[in-house]
$ cat input.pdb   # PDB, C-alpha atoms
MODEL        1
ATOM      1  CA  ALA A   9      24.844  28.110  -4.677
ATOM      2  CA  ASP A  10      21.080  27.906  -4.993
ATOM      3  CA  GLN A  11      19.521  29.089  -1.745
ATOM      4  CA  GLU A  12      16.110  27.514  -1.223
ATOM      5  CA  SER A  13      13.779  28.543   1.531
ATOM      6  CA  LEU A  14      13.593  26.178   4.496
ATOM      7  CA  ALA A  15      10.055  25.177   3.516
ATOM      8  CA  ALA A  16      11.057  24.373  -0.068
ATOM      9  CA  ARG A  17      14.150  22.535   1.076
ATOM     10  CA  HIS A  18      12.114  20.306   3.400
ATOM     11  CA  ARG A  19       9.040  19.950   1.171
ATOM     12  CA  TRP A  20       8.714  16.167   1.594
ATOM     13  CA  ALA A  21       9.185  16.254   5.355
ATOM     14  CA  SER A  22       6.405  18.857   5.399
ATOM     15  CA  TYR A  23       4.183  16.576   3.318
ATOM     16  CA  PHE A  24       4.672  13.775   5.850
ATOM     17  CA  PHE A  25       3.770  16.221   8.640
ATOM     18  CA  ILE A  26       0.644  17.261   6.729
ATOM     19  CA  ALA A  27      -0.236  13.559   6.411
ATOM     20  CA  VAL A  28      -0.030  13.354  10.223
ATOM     21  CA  GLY A  29      -2.847  15.900  10.453
ATOM     22  CA  VAL A  30      -4.953  14.210   7.785
ATOM     23  CA  TRP A  31      -4.608  10.750   9.341
ATOM     24  CA  ASN A  32      -5.168  12.181  12.812
ATOM     25  CA  PHE A  33      -8.486  13.581  11.619
ATOM     26  CA  ILE A  34      -9.480  10.338   9.861
ATOM     27  CA  GLY A  35      -8.047   7.729  12.233
ATOM     28  CA  ALA A  36      -8.376   9.315  15.642
ATOM     29  CA  GLY A  37     -11.152  11.743  14.785
ATOM     30  CA  VAL A  38     -13.646  10.016  12.496
ATOM     31  CA  PHE A  39     -12.872   6.366  13.266
ATOM     32  CA  GLY A  40     -12.072   7.050  16.921
ATOM     33  CA  PHE A  41     -15.394   8.827  17.412
ATOM     34  CA  LEU A  42     -17.194   6.054  15.509
ATOM     35  CA  ILE A  43     -16.009   3.283  17.814
ATOM     36  CA  ASN A  44     -16.159   5.251  21.055
ATOM     37  CA  THR A  45     -19.837   6.036  21.112
ATOM     38  CA  PRO A  46     -21.058   3.879  24.008
ATOM     39  CA  ILE A  47     -23.576   1.798  22.063
ATOM     40  CA  VAL A  48     -21.147   1.012  19.232
ATOM     41  CA  SER A  49     -18.244   0.438  21.620
ATOM     42  CA  TYR A  50     -20.295  -2.092  23.577
ATOM     43  CA  PHE A  51     -20.855  -4.217  20.482
ATOM     44  CA  GLU A  52     -17.689  -3.670  18.450
ATOM     45  CA  MET A  53     -14.830  -3.774  20.962
ATOM     46  CA  GLY A  54     -12.213  -6.193  19.658
ATOM     47  CA  THR A  55     -13.661  -6.402  16.171
ATOM     48  CA  THR A  56     -12.058  -5.209  12.951
ATOM     49  CA  LEU A  57     -13.457  -1.711  13.506
ATOM     50  CA  THR A  58     -10.980  -1.457  16.374
ATOM     51  CA  ALA A  59      -8.131  -2.454  14.037
ATOM     52  CA  ASN A  60      -9.419   0.046  11.462
ATOM     53  CA  HIS A  61      -9.173   2.861  13.989
ATOM     54  CA  GLY A  62      -5.813   1.564  15.238
ATOM     55  CA  HIS A  63      -4.158   1.401  11.816
ATOM     56  CA  ALA A  64      -5.337   4.838  10.715
ATOM     57  CA  ALA A  65      -4.623   6.533  14.021
ATOM     58  CA  MET A  66      -1.397   4.795  15.009
ATOM     59  CA  PHE A  67       0.523   4.425  11.762
ATOM     60  CA  GLY A  68      -1.238   7.375  10.169
ATOM     61  CA  VAL A  69      -0.120   9.674  12.978
ATOM     62  CA  PHE A  70       2.985   8.255  14.615
ATOM     63  CA  GLY A  71       4.281   6.401  11.559
ATOM     64  CA  MET A  72       3.979   9.482   9.347
ATOM     65  CA  LEU A  73       5.498  11.628  12.097
ATOM     66  CA  GLY A  74       8.506   9.318  12.321
ATOM     67  CA  LEU A  75       8.885   9.252   8.549
ATOM     68  CA  GLY A  76       8.664  13.048   8.436
ATOM     69  CA  VAL A  77      11.533  13.328  10.911
ATOM     70  CA  LEU A  78      13.499  10.723   8.946
ATOM     71  CA  VAL A  79      13.044  12.632   5.679
ATOM     72  CA  PHE A  80      13.923  15.928   7.383
ATOM     73  CA  CYS A  81      17.197  14.398   8.582
ATOM     74  CA  LEU A  82      17.927  12.820   5.195
ATOM     75  CA  ARG A  83      17.523  16.174   3.480
ATOM     76  CA  ALA A  84      19.627  17.968   6.064
ATOM     77  CA  LEU A  85      22.451  15.458   5.614
ATOM     78  CA  GLN A  86      22.565  15.458   1.810
ATOM     79  CA  ASP A  87      23.926  17.982  -0.610
ATOM     80  CA  ASP A  88      21.626  19.157  -3.393
ATOM     81  CA  ALA A  89      22.993  16.794  -6.044
ATOM     82  CA  THR A  90      22.551  13.711  -3.849
ATOM     83  CA  TRP A  91      19.121  14.841  -2.696
ATOM     84  CA  ARG A  92      17.814  15.148  -6.268
ATOM     85  CA  SER A  93      18.034  11.381  -6.744
ATOM     86  CA  THR A  94      16.974  10.577  -3.181
ATOM     87  CA  GLU A  95      13.935  12.830  -3.550
ATOM     88  CA  ARG A  96      12.455  10.554  -6.239
ATOM     89  CA  LEU A  97      12.530   7.637  -3.798
ATOM     90  CA  VAL A  98      11.058   9.737  -0.975
ATOM     91  CA  ARG A  99       8.250  10.997  -3.240
ATOM     92  CA  LEU A 100       7.369   7.456  -4.302
ATOM     93  CA  GLY A 101       7.563   6.234  -0.706
ATOM     94  CA  TYR A 102       5.321   9.042   0.521
ATOM     95  CA  TRP A 103       2.579   8.225  -1.952
ATOM     96  CA  GLY A 104       3.072   4.488  -1.448
ATOM     97  CA  VAL A 105       2.645   4.444   2.329
ATOM     98  CA  ASN A 106      -0.308   6.841   2.205
ATOM     99  CA  ALA A 107      -2.064   5.023  -0.648
ATOM    100  CA  GLY A 108      -1.330   1.640   0.937
ATOM    101  CA  LEU A 109      -2.761   2.721   4.290
ATOM    102  CA  ALA A 110      -5.844   4.193   2.605
ATOM    103  CA  LEU A 111      -6.331   0.966   0.624
ATOM    104  CA  MET A 112      -6.007  -1.130   3.807
ATOM    105  CA  ILE A 113      -8.881   0.849   5.248
ATOM    106  CA  LEU A 114     -11.026   0.971   2.099
ATOM    107  CA  LEU A 115     -10.506  -2.608   0.876
ATOM    108  CA  ASP A 116     -10.544  -4.443   4.181
ATOM    109  CA  LEU A 117     -10.567  -2.906   7.630
ATOM    110  CA  PHE A 118     -13.580  -0.579   7.451
ATOM    111  CA  PRO A 119     -15.924  -2.750   5.336
ATOM    112  CA  ALA A 120     -14.925  -5.921   7.239
ATOM    113  CA  GLY A 121     -15.462  -4.094  10.527
ATOM    114  CA  VAL A 122     -18.928  -2.966   9.485
ATOM    115  CA  LEU A 123     -19.790  -6.531   8.395
ATOM    116  CA  GLN A 124     -18.501  -7.897  11.670
ATOM    117  CA  LEU A 125     -20.451  -5.324  13.692
ATOM    118  CA  TRP A 126     -23.581  -6.255  11.746
ATOM    119  CA  ASP A 127     -22.969  -9.909  12.560
ATOM    120  CA  VAL A 128     -22.522  -9.048  16.243
ATOM    121  CA  LEU A 129     -25.885  -7.247  16.217
ATOM    122  CA  GLN A 130     -27.607 -10.130  14.410
ATOM    123  CA  ASN A 131     -26.014 -13.191  16.042
ATOM    124  CA  GLY A 132     -23.999 -12.045  19.038
ATOM    125  CA  TYR A 133     -20.404 -11.149  19.718
ATOM    126  CA  TRP A 134     -19.392 -14.789  20.102
ATOM    127  CA  HIS A 135     -20.511 -15.528  16.531
ATOM    128  CA  ALA A 136     -18.556 -12.693  14.887
ATOM    129  CA  ARG A 137     -15.361 -13.771  16.668
ATOM    130  CA  ARG A 138     -15.606 -17.465  15.768
ATOM    131  CA  LEU A 139     -12.990 -18.881  13.430
ATOM    132  CA  THR A 140     -15.730 -20.185  11.139
ATOM    133  CA  TYR A 141     -16.996 -16.616  10.660
ATOM    134  CA  LEU A 142     -13.534 -15.091  10.262
ATOM    135  CA  MET A 143     -12.420 -17.689   7.696
ATOM    136  CA  SER A 144     -15.489 -17.680   5.456
ATOM    137  CA  GLY A 145     -17.672 -15.500   3.285
ATOM    138  CA  THR A 146     -17.244 -11.843   2.464
ATOM    139  CA  PHE A 147     -15.263 -11.177   5.634
ATOM    140  CA  HIS A 148     -12.564 -13.622   4.544
ATOM    141  CA  THR A 149     -12.594 -12.254   0.972
ATOM    142  CA  LEU A 150     -11.961  -8.758   2.349
ATOM    143  CA  GLU A 151      -9.035 -10.102   4.364
ATOM    144  CA  TRP A 152      -7.502 -11.390   1.116
ATOM    145  CA  ALA A 153      -8.194  -8.077  -0.652
ATOM    146  CA  ARG A 154      -5.971  -6.557   1.991
ATOM    147  CA  SER A 155      -3.010  -8.266   0.284
ATOM    148  CA  ALA A 156      -3.202  -5.737  -2.563
ATOM    149  CA  ALA A 157      -3.145  -2.857  -0.084
ATOM    150  CA  ASP A 158      -0.242  -4.388   1.825
ATOM    151  CA  GLY A 159       1.603  -4.850  -1.460
ATOM    152  CA  VAL A 160       1.230  -1.157  -2.320
ATOM    153  CA  PHE A 161       2.260  -0.165   1.205
ATOM    154  CA  LEU A 162       5.362  -2.357   1.187
ATOM    155  CA  LEU A 163       6.542  -2.285  -2.423
ATOM    156  CA  VAL A 164       5.626   1.270  -3.390
ATOM    157  CA  GLY A 165       5.983   2.812   0.081
ATOM    158  CA  VAL A 166       8.412   1.057   2.390
ATOM    159  CA  VAL A 167      10.934  -0.259  -0.145
ATOM    160  CA  PRO A 168      11.665   3.150  -1.756
ATOM    161  CA  LEU A 169      12.020   4.746   1.685
ATOM    162  CA  VAL A 170      14.454   2.029   2.792
ATOM    163  CA  LEU A 171      16.426   2.543  -0.428
ATOM    164  CA  ALA A 172      16.466   6.303   0.216
ATOM    165  CA  VAL A 173      17.957   5.719   3.655
ATOM    166  CA  ALA A 174      20.449   3.141   2.364
ATOM    167  CA  ARG A 175      21.826   5.443  -0.340
ATOM    168  CA  GLU A 176      25.332   6.771  -0.044
ATOM    169  CA  HIS A 177      25.093  10.161   1.584
ATOM    170  CA  HIS A 178      27.356  13.029   0.654
ATOM    171  CA  GLN A 179      27.404  15.217   3.709
ATOM    172  CA  HIS A 180      27.801  18.907   3.928
ATOM    173  CA  ALA A 181      27.677  21.236   6.881
ATOM    174  CA  PRO A 182      23.980  21.187   7.795
ATOM    175  CA  ASP A 183      22.158  24.450   7.310
ATOM    176  CA  LEU A 184      18.814  23.523   8.817
TER     177      LEU A 184
ENDMDL
END

$ encode --input "input.pdb" --output "structure tokens"
Amino acid sequence: ADQESLAARHRWASYFFIAVGVWNFIGAGVFGFLINTPIVSYFEMGTTLTANHGHAAMFGVFGMLGLGVLVFCLRALQDDATWRSTERLVRLGYWGVNAGLALMILLDLFPAGVLQLWDVLQNGYWHARRLTYLMSGTFHTLEWARSAADGVFLLVGVVPLVLAVAREHHQHAPDL
């Protein structure tokens, strides 16, 4: 039997755990610092910059952590032959959820948050939270651009991971 090292055997779980660190730096670090400076926080609280930070920090950290544990367990429960086909789905899912989350931030949440903050500074908080502002102009266009990011996240990320979990599993005695 081919004896892989533990790190090689759990490569994709490790990639999800690495993603936790990357998203922690981006979501909690960069975007968290951005919205928590007192002057910015005063003007942006409850705007899309808050959602930008929340998506990157919450799903980027805790979502990736949960998926890493899931993939670790999947690998531990499958024999090598079963894992070879499951691994393709996990690989696709890994890149899908990470690319989808990055696209959510790049196509909508960060630019829309900056636009909304600018509107708050120009016209007041009340104006940037009005339905007429949220449903018109560039802000609304960015909200629709988010559909592409959500599509990548769901179709390329979530669906393959669900299929990987739903596969028939051939168990062996776990050698974690």

$ residues_around --input "input.pdb" --residues "Gly29 of chain A" --least-positions-apart "2" --cutoff "12 Å" --atoms "only C-alpha atoms" --output "number ranges by chain"
A: 22-27, 31-37, 64-65, 68-73

$ atom_distance --input "input.pdb" --atom1 "atom CA of Val105 of chain A" --atom2 "atom CA of Phe161 of chain A"
4.8 Å

$ atom_distance --input "input.pdb" --atom1 "atom CA of Ser93 of chain A" --atom2 "atom CA of Phe67 of chain A"
26.4 Å

$ closest_residue --input "input.pdb" --among "A:Gly74, A:Pro119, A:Pro168, A:Gly101" --to "Thr55 of chain A" --atoms "all atoms listed in the file"
A:Pro119

$ closest_residue --input "input.pdb" --among "A:Leu114, A:Val98, A:Leu125, A:Val38" --to "Ala153 of chain A" --atoms "all atoms listed in the file"
A:Leu114

$ closest_residue --input "input.pdb" --among "A:Arg154, A:Arg92, A:His148, A:His61" --to "Ile43 of chain A" --atoms "only C-alpha atoms"
A:His61

$ residues_around --input "input.pdb" --residues "Val170 of chain A" --least-positions-apart "6" --cutoff "12 Å" --atoms "only C-alpha atoms" --output "list in words"
Leu75, Leu78, Val79, Leu82, Thr94, Leu97, Val98, Leu100, Gly101, Tyr102, Leu162, Leu163 and Val164 of chain A

$ atom_distance --input "input.pdb" --atom1 "atom CA of Gly76 of chain A" --atom2 "atom CA of Gly62 of chain A"
19.7 Å

$ axis_aligned_box --input "input.pdb" --around "segment 74-82 of chain A" --padding-each-side "8 Å" --output "AutoDock Vina command-line options"
--center_x 13.2 --center_y 12.6 --center_z 8.8 --size_x 25.4 --size_y 22.7 --size_z 23.1

$ residues_near_point --input "input.pdb" --point "(-11.4, -1.4, 9.4)" --cutoff "9 Å" --atoms "all atoms listed in the file" --output "list of chain:residue names"
A:Phe39, A:Thr55, A:Thr56, A:Leu57, A:Thr58, A:Ala59, A:Asn60, A:His61, A:Gly62, A:His63, A:Ala64, A:Met112, A:Ile113, A:Leu114, A:Leu115, A:Asp116, A:Leu117, A:Phe118, A:Pro119, A:Ala120, A:Gly121, A:Val122

$ closest_residue --input "input.pdb" --among "A:Arg137, A:Arg17, A:Arg96, A:Arg175" --to "Met53 of chain A" --atoms "only C-alpha atoms"
A:Arg137

$ closest_residue --input "input.pdb" --among "A:His18, A:Leu111, A:Thr140, A:Ser155" --to "Gln86 of chain A" --atoms "all atoms listed in the file"
A:His18

$ closest_residue --input "input.pdb" --among "A:Phe80, A:Leu109, A:Thr45, A:Gly159" --to "Glu95 of chain A" --atoms "all atoms listed in the file"
A:Phe80
